[in-house]
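Structure file protein14.json (JSON, C-alpha atoms) is printed below.
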```
[["chain", "number", "residue", "atom", "x", "y", "z"],
["A", 1, "MET", "CA", 62.61, -49.97, 117.88],
["A", 2, "ALA", "CA", 60.54, -48.81, 120.84],
["A", 3, "LEU", "CA", 60.58, -50.80, 124.08],
["A", 4, "ILE", "CA", 57.24, -52.64, 124.14],
["A", 5, "LYS", "CA", 56.79, -55.11, 126.99],
["A", 6, "PRO", "CA", 53.97, -57.17, 128.42],
["A", 7, "VAL", "CA", 53.23, -56.93, 132.13],
["A", 8, "LYS", "CA", 51.51, -59.89, 133.81],
["A", 9, "GLY", "CA", 50.88, -61.30, 130.34],
["A", 10, "ILE", "CA", 49.17, -58.14, 128.98],
["A", 11, "LEU", "CA", 50.81, -56.66, 125.88],
["A", 12, "PRO", "CA", 50.05, -53.11, 124.66],
["A", 13, "LYS", "CA", 47.65, -52.80, 121.71],
["A", 14, "PHE", "CA", 48.04, -50.25, 118.95],
["A", 15, "GLY", "CA", 45.60, -48.87, 116.39],
["A", 16, "ASN", "CA", 46.38, -48.28, 112.73],
["A", 17, "ASP", "CA", 49.16, -45.97, 111.58],
["A", 18, "CYS", "CA", 50.74, -45.31, 114.99],
["A", 19, "TYR", "CA", 54.33, -44.12, 115.39],
["A", 20, "LEU", "CA", 56.60, -45.11, 118.28],
["A", 21, "ALA", "CA", 60.03, -43.48, 118.52],
["A", 22, "GLU", "CA", 62.96, -45.85, 118.91],
["A", 23, "ASN", "CA", 63.47, -44.97, 122.57],
["A", 24, "ALA", "CA", 59.82, -44.64, 123.57],
["A", 25, "THR", "CA", 58.56, -47.09, 126.20],
["A", 26, "VAL", "CA", 55.07, -48.61, 126.18],
["A", 27, "VAL", "CA", 54.35, -51.41, 128.65],
["A", 28, "GLY", "CA", 51.43, -53.39, 130.02],
["A", 29, "ASP", "CA", 47.72, -52.68, 129.78],
["A", 30, "VAL", "CA", 47.84, -49.89, 127.20],
["A", 31, "GLU", "CA", 45.45, -49.51, 124.27],
["A", 32, "MET", "CA", 45.71, -46.70, 121.78],
["A", 33, "GLY", "CA", 43.58, -45.76, 118.80],
["A", 34, "ASN", "CA", 44.58, -44.82, 115.27],
["A", 35, "ASN", "CA", 47.12, -42.16, 114.27],
["A", 36, "CYS", "CA", 48.74, -41.96, 117.70],
["A", 37, "SER", "CA", 52.39, -41.14, 118.29],
["A", 38, "ILE", "CA", 54.70, -41.75, 121.23],
["A", 39, "TRP", "CA", 57.85, -39.65, 120.92],
["A", 40, "PHE", "CA", 61.46, -39.78, 122.06],
["A", 41, "ASN", "CA", 61.97, -40.74, 125.71],
["A", 42, "ALA", "CA", 58.22, -40.78, 126.37],
["A", 43, "VAL", "CA", 56.90, -43.46, 128.73],
["A", 44, "VAL", "CA", 53.41, -44.96, 128.71],
["A", 45, "ARG", "CA", 53.36, -47.31, 131.68],
["A", 46, "GLY", "CA", 50.30, -49.51, 132.02],
["A", 47, "ASP", "CA", 51.87, -51.77, 134.61],
["A", 48, "VAL", "CA", 49.77, -50.95, 137.68],
["A", 49, "ASN", "CA", 46.49, -50.06, 135.98],
["A", 50, "SER", "CA", 45.08, -49.50, 132.49],
["A", 51, "ILE", "CA", 45.77, -46.68, 130.06],
["A", 52, "ARG", "CA", 43.33, -46.05, 127.20],
["A", 53, "MET", "CA", 43.94, -43.54, 124.42],
["A", 54, "GLY", "CA", 41.60, -42.54, 121.64],
["A", 55, "ASN", "CA", 42.55, -41.60, 118.08],
["A", 56, "LYS", "CA", 45.05, -38.90, 117.15],
["A", 57, "VAL", "CA", 46.84, -38.69, 120.50],
["A", 58, "ASN", "CA", 50.45, -37.55, 120.61],
["A", 59, "VAL", "CA", 52.66, -38.06, 123.65],
["A", 60, "GLN", "CA", 55.61, -35.78, 123.12],
["A", 61, "ASP", "CA", 59.26, -36.12, 124.09],
["A", 62, "GLY", "CA", 59.91, -37.01, 127.72],
["A", 63, "ALA", "CA", 56.25, -37.15, 128.73],
["A", 64, "CYS", "CA", 55.06, -39.78, 131.21],
["A", 65, "ILE", "CA", 51.63, -41.42, 131.27],
["A", 66, "HIS", "CA", 50.96, -43.58, 134.32],
["A", 67, "CYS", "CA", 48.28, -44.47, 136.90],
["A", 68, "THR", "CA", 47.91, -45.69, 140.48],
["A", 69, "TYR", "CA", 47.83, -49.35, 141.49],
["A", 70, "GLN", "CA", 44.29, -50.62, 142.11],
["A", 71, "LYS", "CA", 43.06, -47.03, 142.36],
["A", 72, "THR", "CA", 43.17, -44.86, 139.23],
["A", 73, "LYS", "CA", 43.21, -45.60, 135.50],
["A", 74, "THR", "CA", 44.23, -43.14, 132.81],
["A", 75, "GLN", "CA", 41.77, -42.35, 130.03],
["A", 76, "ILE", "CA", 42.69, -40.05, 127.15],
["A", 77, "GLY", "CA", 40.16, -39.05, 124.49],
["A", 78, "ASN", "CA", 40.60, -38.19, 120.81],
["A", 79, "ASN", "CA", 42.67, -35.37, 119.34],
["A", 80, "VAL", "CA", 44.82, -34.86, 122.43],
["A", 81, "SER", "CA", 48.37, -33.48, 122.57],
["A", 82, "ILE", "CA", 50.47, -34.13, 125.65],
["A", 83, "GLY", "CA", 53.40, -31.71, 125.61],
["A", 84, "HIS", "CA", 57.09, -32.32, 126.18],
["A", 85, "ASN", "CA", 57.91, -33.52, 129.70],
["A", 86, "ALA", "CA", 54.28, -33.45, 130.86],
["A", 87, "ILE", "CA", 53.01, -35.95, 133.43],
["A", 88, "VAL", "CA", 49.52, -37.39, 133.07],
["A", 89, "HIS", "CA", 48.72, -39.64, 136.01],
["A", 90, "GLY", "CA", 45.55, -41.59, 136.82],
["A", 91, "CYS", "CA", 43.17, -39.04, 135.33],
["A", 92, "ARG", "CA", 40.64, -38.57, 132.53],
["A", 93, "ILE", "CA", 41.32, -36.27, 129.60],
["A", 94, "GLU", "CA", 38.39, -35.74, 127.26],
["A", 95, "ASP", "CA", 38.51, -34.90, 123.52],
["A", 96, "ASN", "CA", 40.31, -31.95, 121.91],
["A", 97, "VAL", "CA", 42.72, -31.11, 124.70],
["A", 98, "LEU", "CA", 46.23, -29.66, 124.78],
["A", 99, "ILE", "CA", 48.31, -30.47, 127.86],
["A", 100, "GLY", "CA", 51.17, -27.96, 127.79],
["A", 101, "MET", "CA", 54.88, -28.64, 128.14],
["A", 102, "GLY", "CA", 55.88, -29.64, 131.66],
["A", 103, "ALA", "CA", 52.30, -29.64, 132.95],
["A", 104, "ILE", "CA", 51.20, -32.17, 135.56],
["A", 105, "VAL", "CA", 47.70, -33.66, 135.73],
["A", 106, "MET", "CA", 47.22, -35.71, 138.90],
["A", 107, "ASP", "CA", 44.99, -38.60, 140.01],
["A", 108, "ASN", "CA", 41.22, -38.37, 139.53],
["A", 109, "ALA", "CA", 41.41, -35.02, 137.74],
["A", 110, "VAL", "CA", 39.03, -34.63, 134.81],
["A", 111, "ILE", "CA", 40.02, -32.37, 131.93],
["A", 112, "GLY", "CA", 36.95, -31.32, 129.95],
["A", 113, "SER", "CA", 36.82, -31.19, 126.14],
["A", 114, "ASN", "CA", 38.18, -28.24, 124.15],
["A", 115, "THR", "CA", 40.56, -27.23, 126.91],
["A", 116, "ILE", "CA", 44.16, -26.06, 127.18],
["A", 117, "ILE", "CA", 46.27, -26.78, 130.26],
["A", 118, "ALA", "CA", 49.08, -24.22, 130.11],
["A", 119, "ALA", "CA", 52.75, -25.13, 130.15],
["A", 120, "GLY", "CA", 53.97, -25.79, 133.68],
["A", 121, "ALA", "CA", 50.49, -25.91, 135.20],
["A", 122, "VAL", "CA", 49.74, -28.37, 138.00],
["A", 123, "VAL", "CA", 46.21, -29.77, 138.00],
["A", 124, "LEU", "CA", 45.76, -31.13, 141.50],
["A", 125, "GLU", "CA", 44.15, -34.43, 142.43],
["A", 126, "ASN", "CA", 40.33, -34.53, 142.05],
["A", 127, "THR", "CA", 40.19, -31.24, 140.12],
["A", 128, "ILE", "CA", 37.39, -30.96, 137.56],
["A", 129, "VAL", "CA", 38.57, -28.71, 134.72],
["A", 130, "GLU", "CA", 35.70, -26.95, 133.00],
["A", 131, "ALA", "CA", 35.28, -27.79, 129.31],
["A", 132, "GLY", "CA", 36.13, -24.99, 126.88],
["A", 133, "SER", "CA", 38.60, -23.23, 129.13],
["A", 134, "ILE", "CA", 42.27, -22.46, 129.71],
["A", 135, "TYR", "CA", 43.82, -23.38, 133.06],
["A", 136, "ALA", "CA", 47.24, -22.17, 134.20],
["A", 137, "GLY", "CA", 49.36, -21.88, 137.33],
["A", 138, "VAL", "CA", 50.28, -23.87, 140.40],
["A", 139, "PRO", "CA", 47.78, -25.05, 141.40],
["A", 140, "ALA", "CA", 46.03, -24.68, 138.04],
["A", 141, "LYS", "CA", 43.06, -22.30, 137.97],
["A", 142, "LYS", "CA", 40.79, -21.16, 135.16],
["A", 143, "VAL", "CA", 42.20, -18.07, 133.47],
["A", 144, "LYS", "CA", 39.66, -17.67, 130.66],
["A", 145, "ASP", "CA", 37.24, -19.33, 128.31],
["A", 146, "ILE", "CA", 38.68, -20.70, 125.11],
["A", 147, "ASN", "CA", 37.55, -19.33, 121.76],
["A", 148, "GLN", "CA", 37.14, -21.20, 118.47],
["A", 149, "GLU", "CA", 40.35, -19.63, 117.14],
["A", 150, "LEU", "CA", 42.39, -21.31, 119.88],
["A", 151, "ILE", "CA", 40.63, -24.63, 119.39],
["A", 152, "LYS", "CA", 41.41, -24.55, 115.67],
["A", 153, "GLY", "CA", 44.73, -22.67, 115.85],
["A", 154, "GLU", "CA", 46.31, -24.52, 118.76],
["A", 155, "ILE", "CA", 44.53, -27.74, 119.80],
["A", 156, "ASN", "CA", 43.71, -29.00, 116.30],
["A", 157, "ARG", "CA", 46.84, -27.56, 114.65],
["A", 158, "ILE", "CA", 49.20, -29.29, 117.06],
["A", 159, "ALA", "CA", 47.40, -32.65, 116.88],
["A", 160, "ASP", "CA", 47.38, -32.46, 113.06],
["A", 161, "ASN", "CA", 51.04, -31.42, 112.94],
["A", 162, "TYR", "CA", 52.07, -34.45, 115.00],
["A", 163, "ILE", "CA", 50.47, -36.75, 112.45],
["A", 164, "MET", "CA", 52.53, -34.97, 109.80],
["A", 165, "TYR", "CA", 55.72, -35.13, 111.90],
["A", 166, "SER", "CA", 55.30, -38.85, 112.55],
["A", 167, "GLY", "CA", 55.12, -39.37, 108.78],
["A", 168, "TRP", "CA", 58.66, -38.02, 108.52],
["A", 169, "PHE", "CA", 59.92, -40.89, 110.69],
["A", 170, "LYS", "CA", 57.88, -43.81, 109.36]]
```

Let me see whether you can do it: turn the structure in this file into structure tokens.
Amino acid sequence: MALIKPVKGILPKFGNDCYLAENATVVGDVEMGNNCSIWFNAVVRGDVNSIRMGNKVNVQDGACIHCTYQKTKTQIGNNVSIGHNAIVHGCRIEDNVLIGMGAIVMDNAVIGSNTIIAAGAVVLENTIVEAGSIYAGVPAKKVKDINQELIKGEINRIADNYIMYSGWFK
């Protein structure tokens, strides 16, 4: 069973039909919507500030979601995939976003809807990522606009697949 702990008397809250891997960690002021999944060795740490997730969010193996004490909260919209070993810290991620494997999104960054952050990209503090685009590199920069094929074929496909995968473990 996943490690779920209250911090300062605040226990995480989960929507309907969520999956938490046995060695996932979710602590403190965390609220997630329906059909979310937190995978093996992932950490969602709402100890120093709040973390809010919409519906159909998957936090893949080894990823870390955190925030900054008395400074930044983390807000994640609907239909968001956070890739293996990614770090999402004190930022806002809007709907229909793919955060690639090993990417880092830092404090006060805003990731617009229908966006892909490439694997290994580093989105620096205070960066505003344009909706409907692909950002890559260190530091992350816009490389192109996203087309409907990528929204359907990558962003939606991955989020939908993680609902299917979680069903295998429930």

Counting only C-alpha atoms, the option among A:Ile111, A:Val80, A:Ala24, A:Ala103 closest to Gly132 of chain A: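 Of all the options, A:Ile111 lies closest to Gly132 of chain A.
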
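Of the listed residues (A:Asn41, A:Val57, A:Gln148, A:Asn49), A:Val57 comes nearest to Asp17 of chain A; the distances count all atoms listed in the file.
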
For Trp168 of chain A, work out the shell of residues within 12 Å, counting only C-alpha atoms and skipping chain neighbours fewer than 5 positions away, then give it as a PyMOL selection string. chain A and resi 19+21+161-163

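Close contacts of Gly90 of chain A, defined as residues with an atom at most 9 Å away when counting only C-alpha atoms, with chain neighbours fewer than 2 positions off set aside, comprise Asn49, Ile51, Ile65, His66, Cys67, Thr68, Lys71, Thr72, Lys73, Thr74, Gln75, Val88, Arg92, Val105, Met106, Asp107, Asn108 and Ala109 of chain A.
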
Do you know which residues are at most 9 Å from Ile99 of chain A counting all atoms listed in the file, after dropping those on the same chain fewer than 4 positions away, and could you put them as a compact mmCIF listing (two decimals) with C-alpha atoms, keeping the file's coordinate frame?
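part_8.txt written:
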```txt
# COMPACT_ATOMS: atom_id res chain seq x y z
CA VAL A 80 44.82 -34.86 122.43
CA SER A 81 48.37 -33.48 122.57
CA ILE A 82 50.47 -34.13 125.65
CA GLY A 83 53.40 -31.71 125.61
CA ALA A 86 54.28 -33.45 130.86
CA VAL A 88 49.52 -37.39 133.07
CA ALA A 103 52.30 -29.64 132.95
CA ILE A 104 51.20 -32.17 135.56
CA VAL A 105 47.70 -33.66 135.73
CA THR A 115 40.56 -27.23 126.91
CA ILE A 116 44.16 -26.06 127.18
CA ILE A 117 46.27 -26.78 130.26
CA ALA A 118 49.08 -24.22 130.11
CA ALA A 119 52.75 -25.13 130.15
CA ALA A 121 50.49 -25.91 135.20
```

Restricting the calculation to all atoms listed in the file: of A:Gly9, A:Gly62, A:Gly102, A:Gly167, which residue gets closest to Thr25 of chain A?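 Nearest to Thr25 of chain A: A:Gly62.
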
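In this structure, atom CA of Lys56 of chain A sits 24.7 Å away from atom CA of Thr127 of chain A.
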
So which one's closest to Leu150 of chain A, A:Ala63, A:Val97, A:Ala136, A:Val129? Using all atoms listed in the file, please. A:Val97

For atom CA of Ile155 of chain A and atom CA of Asp47 of chain A, the interatomic separation in Å (one decimal): 29.2 Å

Considering all atoms listed in the file, state which residue in the set A:Asn78, A:Pro12, A:Glu125, A:Val48 is at the smallest distance from Gly33 of chain A.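 Among the listed residues, the smallest separation from Gly33 of chain A belongs to A:Asn78.
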
Excluding Gly112 of chain A and any residue of its chain fewer than 6 positions from it, enumerate the residues within 7 Å of it, using only C-alpha atoms, and give them as a PyMOL selection string. chain A and resi 93-94+129-131

Within 8 Å of Lys5 of chain A, counting all atoms listed in the file, which residues show up once you throw out same-chain ones fewer than 4 positions away? Write them as a PyMOL selection string, please. chain A and resi 11-12+26-28

Can you write out the residues you just picked, keeping C-alpha atoms, as a PDB file, keeping the file's coordinate frame?
```pdb
ATOM      1  CA  LEU A  11      50.810 -56.660 125.880  1.00  0.00           C
ATOM      2  CA  PRO A  12      50.050 -53.110 124.660  1.00  0.00           C
ATOM      3  CA  VAL A  26      55.070 -48.610 126.180  1.00  0.00           C
ATOM      4  CA  VAL A  27      54.350 -51.410 128.650  1.00  0.00           C
ATOM      5  CA  GLY A  28      51.430 -53.390 130.020  1.00  0.00           C
TER       6      GLY A  28
END
```

Would you compute the distance between atom CA of Met32 of chain A and atom CA of Lys152 of chain A? Give it in Å to one decimal.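 Atom CA of Lys152 of chain A lies at a distance of 23.4 Å from atom CA of Met32 of chain A.
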
Distance cut-off 12 Å, centre (46.8, -45.2, 116.5) in file coordinates, counting all atoms listed in the file: which residues qualify? Return them as a PyMOL selection string. chain A and resi 12-20+30-38+52-59+78-79+163+166

With 4 Å added on each side, what axis-aligned box encloses every listed atom of segment 150-169 of chain A? Give the centre and edge lengths in Å to one decimal, as AutoDock Vina command-line options.
```
--center_x 50.3 --center_y -31.1 --center_z 114.2 --size_x 27.3 --size_y 27.6 --size_z 19.4
```

From A:Val143, A:Met1, A:Ile151, A:Leu98, residue lying nearest Phe169 of chain A [all atoms listed in the file]: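 Among the listed residues, the smallest separation from Phe169 of chain A belongs to A:Met1.
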